[in-house]
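coords.txt, holding compact mmCIF, C-alpha atoms:
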# COMPACT_ATOMS: atom_id res chain seq x y z
CA MET G 1 41.40 82.69 163.70
CA LYS G 2 38.34 84.85 163.50
CA LYS G 3 36.73 85.33 160.09
CA LEU G 4 35.10 88.52 158.92
CA LEU G 5 32.49 86.54 157.06
CA THR G 6 31.35 82.94 157.16
CA VAL G 7 31.58 81.63 153.64
CA ILE G 8 28.91 79.06 152.86
CA CYS G 9 29.03 76.79 149.83
CA ALA G 10 25.61 76.42 148.32
CA SER G 11 26.79 73.29 146.52
CA ALA G 12 28.43 71.62 149.49
CA ALA G 13 27.14 68.26 148.33
CA LEU G 14 29.65 68.31 145.51
CA ALA G 15 33.02 66.89 146.56
CA VAL G 16 35.03 69.61 144.80
CA GLN G 17 32.94 72.29 146.49
CA ALA G 18 33.09 70.61 149.87
CA ALA G 19 36.89 70.59 149.68
CA GLY G 20 36.89 74.38 149.40
CA TYR G 21 39.88 76.66 149.04
CA HIS G 22 42.98 76.89 151.22
CA VAL G 23 44.94 80.07 150.51
CA ILE G 24 48.36 80.58 152.10
CA ALA G 25 49.54 84.14 151.53
CA THR G 26 53.05 85.35 152.38
CA LEU G 27 52.82 89.12 152.77
CA PRO G 28 55.26 92.04 153.22
CA ASP G 29 56.92 92.67 156.60
CA ASP G 30 54.91 95.81 157.35
CA THR G 31 51.63 93.86 157.36
CA ASP G 32 52.47 91.60 160.31
CA GLY G 33 49.75 91.73 162.97
CA ALA G 34 47.25 93.40 160.63
CA MET G 35 44.01 92.00 159.23
CA ALA G 36 44.19 90.82 155.62
CA TYR G 37 41.12 90.52 153.42
CA ILE G 38 40.24 88.67 150.25
CA CYS G 39 38.11 91.10 148.26
CA ASP G 40 35.98 90.52 145.19
CA TYR G 41 36.15 92.50 141.92
CA ASP G 42 34.03 95.25 143.49
CA SER G 43 36.42 95.52 146.49
CA ASN G 44 33.93 93.87 148.87
CA PRO G 45 35.58 91.62 151.51
CA ILE G 46 34.61 87.95 151.24
CA ASP G 47 37.11 86.47 153.72
CA SER G 48 39.61 87.68 156.32
CA ALA G 49 42.60 86.45 158.33
CA TYR G 50 45.19 87.93 160.67
CA VAL G 51 48.73 88.23 159.37
CA SER G 52 51.03 86.28 161.69
CA ASP G 53 54.70 85.68 160.95
CA TYR G 54 54.06 87.42 157.63
CA LYS G 55 51.45 84.84 156.61
CA ALA G 56 47.67 84.93 156.29
CA VAL G 57 45.76 81.68 155.83
CA PHE G 58 42.24 81.71 154.38
CA ASP G 59 39.85 78.76 154.29
CA GLY G 60 36.42 78.69 152.71
CA CYS G 61 34.74 77.79 149.46
CA VAL G 62 33.42 79.51 146.34
CA GLU G 63 30.58 78.54 144.08
CA VAL G 64 32.13 80.23 141.03
CA PRO G 65 35.90 80.72 140.59
CA ASP G 66 36.73 84.39 140.07
CA ILE G 67 39.49 86.96 140.26
CA VAL G 68 40.08 88.41 143.75
CA THR G 69 42.52 90.71 145.55
CA ILE G 70 44.26 90.43 148.91
CA THR G 71 44.26 93.79 150.70
CA VAL G 72 45.69 95.11 153.97
CA ASP G 73 44.69 98.57 155.20
CA GLY G 74 42.96 99.18 151.88
CA ASN G 75 46.09 98.51 149.82
CA GLY G 76 45.99 95.78 147.20
CA LEU G 77 48.87 93.33 147.69
CA ALA G 78 48.02 90.53 145.26
CA SER G 79 45.50 89.65 142.58
CA PHE G 80 44.77 86.01 141.72
CA PHE G 81 42.04 83.55 140.80
CA LEU G 82 40.22 82.06 143.78
CA GLU G 83 38.92 78.54 143.28
CA ASN G 84 38.43 75.48 145.44
CA ASP G 85 42.02 74.32 145.61
CA THR G 86 45.20 74.98 147.58
CA ILE G 87 46.67 78.29 146.45
CA TYR G 88 49.97 79.89 147.43
CA VAL G 89 50.40 83.64 147.10
CA VAL G 90 53.63 85.58 147.67
CA SER G 91 53.51 89.39 147.75
CA THR G 92 56.52 91.71 148.12
CA LYS G 93 57.07 95.47 148.29
CA THR G 94 60.02 97.34 146.80
CA ASP G 95 60.89 100.98 147.43
CA ILE G 96 61.14 102.94 144.19
CA PRO G 97 61.55 106.67 143.46
CA GLY G 98 58.29 108.33 144.38
CA GLY G 99 56.70 105.43 146.21
CA VAL G 100 56.49 101.66 146.57
CA ARG G 101 56.05 98.93 143.97
CA THR G 102 54.11 95.81 144.89
CA ASP G 103 54.80 92.51 143.10
CA TRP G 104 53.12 89.15 143.60
CA HIS G 105 52.88 85.61 142.30
CA ALA G 106 50.19 82.96 142.78
CA GLU G 107 50.41 79.20 142.31
CA GLY G 108 47.68 76.60 142.61
CA GLY G 109 44.39 75.94 140.86
CA LYS G 110 43.64 75.65 137.16
CA LEU G 111 43.13 79.35 136.44
CA ASN G 112 46.32 80.56 138.13
CA ARG G 113 48.24 77.91 136.19
CA ILE G 114 46.73 79.18 132.93
CA LYS G 115 47.49 82.78 133.86
CA ASN G 116 51.14 81.99 134.69
CA GLU G 117 51.51 80.08 131.44
CA TYR G 118 50.07 83.01 129.48
CA ARG G 119 52.24 85.59 131.28
CA LYS G 120 55.39 83.54 130.59
CA LYS G 121 54.65 83.44 126.87
CA LEU G 122 53.70 87.13 126.81
CA ASN G 123 56.88 88.14 128.66
CA ASP G 124 58.93 86.16 126.16
CA ILE G 125 57.34 88.13 123.32
CA TYR G 126 58.04 91.43 125.10
CA LYS G 127 61.67 90.41 125.66
CA ARG G 128 62.14 89.54 122.00
CA TRP G 129 60.41 92.77 120.99
CA LYS G 130 62.76 94.79 123.22
CA ASP G 131 65.77 93.05 121.66
CA SER G 132 64.48 93.29 118.09
CA ASP G 133 66.60 95.33 115.70
CA SER G 134 64.27 95.78 112.73
CA ASP G 135 60.78 97.04 111.96
CA ALA G 136 59.91 93.71 110.37
CA ALA G 137 60.84 91.83 113.54
CA SER G 138 58.85 94.25 115.70
CA ASP G 139 55.81 93.92 113.44
CA SER G 140 56.09 90.12 113.55
CA LEU G 141 56.13 90.18 117.35
CA ARG G 142 53.09 92.48 117.50
CA VAL G 143 51.24 89.94 115.37
CA ALA G 144 52.45 87.16 117.70
CA ARG G 145 51.18 89.10 120.72
CA MET G 146 47.72 89.53 119.20
CA ALA G 147 47.60 85.84 118.25
CA LEU G 148 48.52 84.87 121.82
CA ILE G 149 45.79 87.09 123.26
CA GLU G 150 43.22 85.60 120.88
CA GLU G 151 44.35 82.05 121.68
CA TYR G 152 43.91 82.46 125.44
CA LEU G 153 40.80 84.61 125.12
CA TYR G 154 38.79 82.12 123.05
CA GLY G 155 40.46 79.10 124.65
CA ASN G 156 39.06 80.19 128.02
CA ALA G 157 35.68 81.53 126.97
CA ASP G 158 34.01 79.47 129.69
CA ASN G 159 35.97 80.63 132.74
CA ALA G 160 37.08 83.64 134.77
CA PHE G 161 40.49 83.86 133.11
CA GLY G 162 38.85 84.27 129.72
CA ALA G 163 36.54 86.88 131.21
CA SER G 164 39.56 88.72 132.64
CA MET G 165 41.27 88.57 129.23
CA ALA G 166 38.21 90.11 127.62
CA MET G 167 37.91 92.86 130.22
CA ASN G 168 41.61 93.75 129.98
CA ASN G 169 42.19 93.46 126.23
CA LEU G 170 38.97 94.27 124.39
CA LYS G 171 38.00 97.90 123.93
CA ASN G 172 34.37 96.85 124.28
CA PRO G 173 34.20 93.45 126.02
CA LEU G 174 30.40 93.47 126.30
CA PRO G 175 29.64 91.49 123.06
CA PHE G 176 32.18 88.80 124.01
CA LEU G 177 30.89 88.51 127.58
CA GLU G 178 27.25 88.33 126.50
CA GLU G 179 28.01 85.89 123.67
CA HIS G 180 29.50 83.29 126.04
CA SER G 181 26.71 82.50 128.47
CA ALA G 182 28.96 80.57 130.90
CA LEU G 183 30.65 83.88 131.80
CA LEU G 184 27.44 85.60 132.86
CA GLU G 185 27.36 83.80 136.23
CA ILE G 186 30.81 85.07 137.24
CA PRO G 187 30.53 87.93 139.78
CA SER G 188 33.28 90.04 138.18
CA VAL G 189 31.51 89.78 134.82
CA LYS G 190 28.21 90.89 136.34
CA TYR G 191 29.98 93.88 137.86
CA LYS G 192 31.77 94.68 134.57
CA ILE G 193 28.57 94.59 132.54
CA ALA G 194 26.85 96.89 135.04
CA SER G 195 29.86 99.24 134.90
CA ILE G 196 29.81 99.36 131.10
CA LYS G 197 26.14 100.23 131.08
CA ARG G 198 26.72 102.84 133.78
CA LYS G 199 29.57 104.34 131.78
CA GLU G 200 27.33 104.61 128.73
CA SER G 201 25.40 107.30 130.63
CA LEU G 202 28.53 109.41 131.21
CA VAL G 203 28.33 111.19 127.86
CA PRO G 204 28.70 114.84 126.86
CA GLY G 205 25.65 116.81 127.97
CA ALA G 206 24.79 114.44 130.82
CA PRO G 207 24.81 115.83 134.38
CA PHE G 208 27.79 115.09 136.60
CA VAL G 209 27.60 112.14 138.98
CA ASP G 210 28.29 113.22 142.53
CA PHE G 211 30.49 111.35 144.99
CA ALA G 212 32.01 111.99 148.41
CA VAL G 213 35.48 110.93 149.54
CA THR G 214 37.25 111.16 152.88
CA THR G 215 40.65 112.77 153.36
CA ASP G 216 42.71 113.62 156.43
CA ASP G 217 40.85 116.93 156.76
CA GLY G 218 37.29 115.69 156.28
CA VAL G 219 34.72 114.68 153.69
CA HIS G 220 34.66 116.30 150.25
CA SER G 221 31.88 116.08 147.66
CA LEU G 222 32.24 116.70 143.94
CA SER G 223 29.12 118.87 144.13
CA ASP G 224 31.10 121.32 146.28
CA VAL G 225 33.19 122.19 143.21
CA VAL G 226 31.33 121.20 140.03
CA GLY G 227 28.31 123.13 138.76
CA LYS G 228 29.37 126.39 140.44
CA GLY G 229 30.00 128.47 137.31
CA ASN G 230 33.46 127.21 136.30
CA TYR G 231 34.79 124.74 133.80
CA VAL G 232 36.27 122.02 136.01
CA LEU G 233 38.79 119.38 135.01
CA LEU G 234 38.52 116.37 137.32
CA ASP G 235 41.84 114.52 137.29
CA PHE G 236 42.01 111.02 138.81
CA TRP G 237 45.62 110.00 139.47
CA ALA G 238 48.03 108.27 141.87
CA SER G 239 51.60 108.80 142.99
CA TRP G 240 52.62 105.37 141.65
CA CYS G 241 51.17 106.04 138.17
CA GLU G 242 54.00 107.26 135.92
CA PRO G 243 51.69 108.31 133.02
CA CYS G 244 49.77 110.38 135.58
CA MET G 245 52.94 112.14 136.68
CA MET G 246 54.00 112.71 133.07
CA ALA G 247 50.69 114.50 132.49
CA MET G 248 51.23 116.91 135.40
CA GLU G 249 53.49 119.29 133.47
CA HIS G 250 50.78 119.58 130.79
CA LEU G 251 48.15 120.28 133.44
CA LYS G 252 50.38 122.91 135.08
CA LYS G 253 50.60 124.69 131.70
CA LEU G 254 46.81 124.59 131.34
CA HIS G 255 46.43 125.95 134.86
CA GLU G 256 48.84 128.74 133.98
CA ASP G 257 47.01 129.55 130.72
CA TYR G 258 43.40 129.37 131.93
CA GLY G 259 43.51 129.44 135.74
CA ASN G 260 42.79 133.16 135.82
CA ARG G 261 39.58 132.56 133.86
CA ASN G 262 36.64 130.37 134.83
CA PHE G 263 38.67 127.16 134.73
CA LYS G 264 39.65 124.98 137.70
CA ILE G 265 41.46 121.70 138.13
CA LEU G 266 40.47 119.26 140.87
CA GLY G 267 42.70 116.29 141.58
CA VAL G 268 41.50 113.11 143.29
CA SER G 269 43.95 110.37 144.24
CA ILE G 270 42.99 106.77 143.44
CA LYS G 271 44.11 103.73 145.47
CA ASP G 272 47.04 105.63 146.90
CA ASP G 273 48.64 106.22 150.27
CA PRO G 274 47.74 109.83 151.23
CA ASN G 275 51.33 110.42 152.34
CA ASN G 276 52.63 109.38 148.92
CA THR G 277 50.03 111.62 147.27
CA LYS G 278 51.15 114.60 149.35
CA MET G 279 54.79 113.87 148.58
CA ARG G 280 54.06 114.04 144.84
CA ILE G 281 52.07 117.26 145.28
CA GLU G 282 55.12 118.88 146.86
CA GLU G 283 57.56 117.34 144.38
CA PHE G 284 55.65 118.65 141.35
CA GLU G 285 54.51 121.85 143.10
CA LEU G 286 50.90 121.28 142.08
CA PRO G 287 48.95 124.49 142.81
CA TRP G 288 45.35 123.29 142.45
CA GLU G 289 43.02 121.56 144.91
CA ILE G 290 43.80 117.87 145.35
CA TRP G 291 41.98 115.37 147.57
CA ALA G 292 44.43 112.80 148.96
CA THR G 293 41.79 110.16 149.59
CA VAL G 294 41.71 107.65 152.40
CA ASN G 295 39.13 105.59 150.46
CA SER G 296 38.71 106.31 146.76
CA LYS G 297 36.08 103.63 146.01
CA PRO G 298 33.11 106.08 145.85
CA ALA G 299 34.94 108.06 143.15
CA ILE G 300 35.98 104.92 141.27
CA ASP G 301 32.42 103.61 141.27
CA ALA G 302 30.87 106.94 140.23
CA TYR G 303 32.98 107.18 137.06
CA THR G 304 33.69 103.44 136.56
CA ILE G 305 37.44 104.07 136.57
CA GLU G 306 39.52 101.08 135.50
CA SER G 307 42.80 102.79 134.65
CA ILE G 308 44.47 106.11 135.28
CA PRO G 309 45.14 108.87 134.37
CA TYR G 310 41.42 109.48 133.90
CA MET G 311 40.12 113.00 133.32
CA VAL G 312 36.62 114.43 133.01
CA LEU G 313 35.85 117.99 131.89
CA PHE G 314 32.67 119.64 133.20
CA ALA G 315 30.87 122.74 131.95
CA PRO G 316 29.96 125.63 134.29
CA ASP G 317 26.47 124.17 134.76
CA GLY G 318 27.88 120.79 135.83
CA THR G 319 27.17 118.88 132.63
CA ILE G 320 29.86 116.66 131.12
CA VAL G 321 31.87 118.21 128.29
CA ALA G 322 34.18 115.22 127.78
CA ASN G 323 34.68 111.96 129.66
CA ASN G 324 38.04 110.16 129.86
CA ILE G 325 39.63 112.87 127.74
CA SER G 326 43.29 112.68 126.72
CA VAL G 327 45.76 115.50 127.33
CA ASP G 328 45.97 116.33 123.62
CA ASP G 329 42.18 116.43 123.23
CA LEU G 330 41.94 118.49 126.42
CA ASN G 331 44.36 121.09 125.02
CA ALA G 332 42.29 121.38 121.85
CA LYS G 333 38.99 121.55 123.74
CA LEU G 334 40.15 124.32 126.07
CA LYS G 335 41.53 126.34 123.15
CA GLU G 336 38.12 126.03 121.53
CA ILE G 337 36.26 126.99 124.72
CA PHE G 338 38.43 130.00 125.51
CA ALA G 339 39.03 131.12 121.93
CA ASP G 340 37.21 134.40 122.60

Can you dump the structure from the file as structure tokens?
Amino acid sequence: MKKLLTVICASAALAVQAAGYHVIATLPDDTDGAMAYICDYDSNPIDSAYVSDYKAVFDGCVEVPDIVTITVDGNGLASFFLENDTIYVVSTKTDIPGGVRTDWHAEGGKLNRIKNEYRKKLNDIYKRWKDSDSDAASDSLRVARMALIEEYLYGNADNAFGASMAMNNLKNPLPFLEEHSALLEIPSVKYKIASIKRKESLVPGAPFVDFAVTTDDGVHSLSDVVGKGNYVLLDFWASWCEPCMMAMEHLKKLHEDYGNRNFKILGVSIKDDPNNTKMRIEEFELPWEIWATVNSKPAIDAYTIESIPYMVLFAPDGTIVANNISVDDLNAKLKEIFAD
């Protein structure tokens, strides 16, 4: 089995390091015969294996346990914590209206055990919240949810699961990450801190950050559209993102109201199959320019996108008017801009 990269343990003298990791991944049927990759938080491949009989087996070692993703053909199939242990990953795909849902489960290693334990307790709270029949019960369960998050956040302030909890649950995780020095050596934390500082520069009045993405019909650059004399709304979305699709009717109304003035919408798909993107474009009859990307990473990196929908409004000169603006705030801003 040929590896994409040779993974070398700097601390091979340590028994736990020398043992390394052994990852057995069971993947969906349509991946058989393809190359699967383990990618780091920044989507860089760190290991590879062919999928044979729906399985990919990875062997190597890591100096620092961290969260990783298994991808095939650029599609993320599973996210788990990679550490020097035997880890089993099962990933499945299910057809749903408008696309495909991917589910996965990982067993093995300390951090995956902690994650599964946390998810079980969290799911129990969500189930009780869904079945609750009073405001008092709902409020009590919200308090329980916050207490659970705090318990696992501070109880794992020295490992990658705690770092992941901070990055997913704290509006500004930077103080927590910098306060706990053990986290600063984790690659995903280094990337997150750099992203936060990069995002701090994406403020109103700052110039747009250019990027280029590839689609079926060629390469497109943001600079081809932004800074050309129009207000431009850059909408990052995906066919599998229901909040994104819910926002489309609002955007269609804005296009109808302001499209005959100096206002344009540009859509860019994120981590999506171009065919699914095109299907949604037809389904919702979206009339503006949309780039169904083959690889959306340059766009994700340029605007440090961690969740979608994500919208940026640019002025005619290309400066940022608002970054990560909500639909409601966008409505108000455009009314203000075009009041005259």

*Contacts of segment 142-154 of chain G at 7 Å or less, counting only C-alpha atoms, minus same-chain residues fewer than 5 places along, as an NGL selection string?*
:G and (122 or 125 or 162 or 165-166)

So that I have them on file, write out the residues from the current selection with C-alpha atoms, as a short mmCIF file (atom, residue, chain, number, x, y, z; two decimals), in the frame of the given file.
data_model
loop_
_atom_site.label_atom_id
_atom_site.label_comp_id
_atom_site.auth_asym_id
_atom_site.auth_seq_id
_atom_site.Cartn_x
_atom_site.Cartn_y
_atom_site.Cartn_z
CA LEU G 122 53.70 87.13 126.81
CA ILE G 125 57.34 88.13 123.32
CA GLY G 162 38.85 84.27 129.72
CA MET G 165 41.27 88.57 129.23
CA ALA G 166 38.21 90.11 127.62
#

*Between atom CA of Asp317 of chain G and atom CA of Val226 of chain G, what is the distance, to one decimal in Å?*
7.8 Å

*Using only C-alpha atoms, which residue out of G:Tyr231, G:Phe284, G:Phe208, G:Phe80 lies closest to Asn323 of chain G?*
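Checking each of G:Tyr231, G:Phe284, G:Phe208, G:Phe80 against Asn323 of chain G, counting only C-alpha atoms, the winner is G:Phe208.
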
*Rounded to one decimal place, report the atom CA of Trp291 of chain G-atom CA of Asn262 of chain G distance in Å.*
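Atom-to-atom, atom CA of Trp291 of chain G and atom CA of Asn262 of chain G are spaced 20.4 Å apart.
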
*For Leu234 of chain G, which residue among G:Val312, G:Phe176, G:His220, G:Glu249 is the nearest when counting all atoms listed in the file?*
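When distances to Leu234 of chain G are compared using all atoms listed in the file, the smallest one comes from G:Val312.
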
Please enclose the listed atoms of segment 155-166 of chain G in an axis-aligned box, pad each side by 4 Å, and write out the centre and the three edge lengths in Å, rounded to one decimal, as AutoDock Vina command-line options.
--center_x 37.6 --center_y 84.6 --center_z 129.7 --size_x 15.3 --size_y 19.0 --size_z 18.1

*At what distance in Å, to one decimal, does atom CA of Leu266 of chain G lie from atom CA of Glu289 of chain G?*
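One can read the atom CA of Glu289 of chain G to atom CA of Leu266 of chain G distance as 5.3 Å.
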
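In terms of minimum interatomic distance to Asp224 of chain G, G:Asp210 ranks closest within G:Leu27, G:Lys120, G:Asp210, G:Thr69, counting all atoms listed in the file.
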
_Need the shell around Leu330 of chain G: protein/DNA/RNA residues with any atom at most 10 Å away, counting only C-alpha atoms. Skip same-chain ones fewer than 6 positions apart. Format as a list in words?_
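Neighbouring residues, sequence-local ones excluded: Leu233, His250, Leu251, Leu254, Met311, Val312, Leu313, Ala322, Asn324 and Glu336 of chain G.
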
Written file, previous selection with C-alpha atoms, as a compact mmCIF listing (two decimals), in the frame of the given file:
# COMPACT_ATOMS: atom_id res chain seq x y z
CA LEU G 233 38.79 119.38 135.01
CA HIS G 250 50.78 119.58 130.79
CA LEU G 251 48.15 120.28 133.44
CA LEU G 254 46.81 124.59 131.34
CA MET G 311 40.12 113.00 133.32
CA VAL G 312 36.62 114.43 133.01
CA LEU G 313 35.85 117.99 131.89
CA ALA G 322 34.18 115.22 127.78
CA ASN G 324 38.04 110.16 129.86
CA GLU G 336 38.12 126.03 121.53

*Can you list, as a PyMOL selection string, every protein, DNA or RNA residue that comes within 12 Å of Ser181 of chain G when you count all atoms listed in the file, leaving out same-chain residues fewer than 6 positions away?*
chain G and resi 157-159+163+174-175+189-190

_Using all atoms listed in the file, which protein or nucleic acid residues come within 8 Å of Pro65 of chain G? Drop anything in the same chain fewer than 2 positions from it, and give the result as a list of chain:residue names._
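The residues that qualify are G:Val62, G:Glu63, G:Ile67, G:Phe81, G:Leu82, G:Glu83, G:Asn84, G:Asn159, G:Ala160, G:Ile186.
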
_Selected residue of minimal separation from Tyr191 of chain G among G:Val100, G:Asp66, G:Asp42, G:Glu117, counting all atoms listed in the file_ = G:Asp42

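When all atoms listed in the file are used to measure the gap to Ala212 of chain G, the shortest distance among G:Ser164, G:Asn44, G:Asn169, G:Asn295 belongs to G:Asn295.
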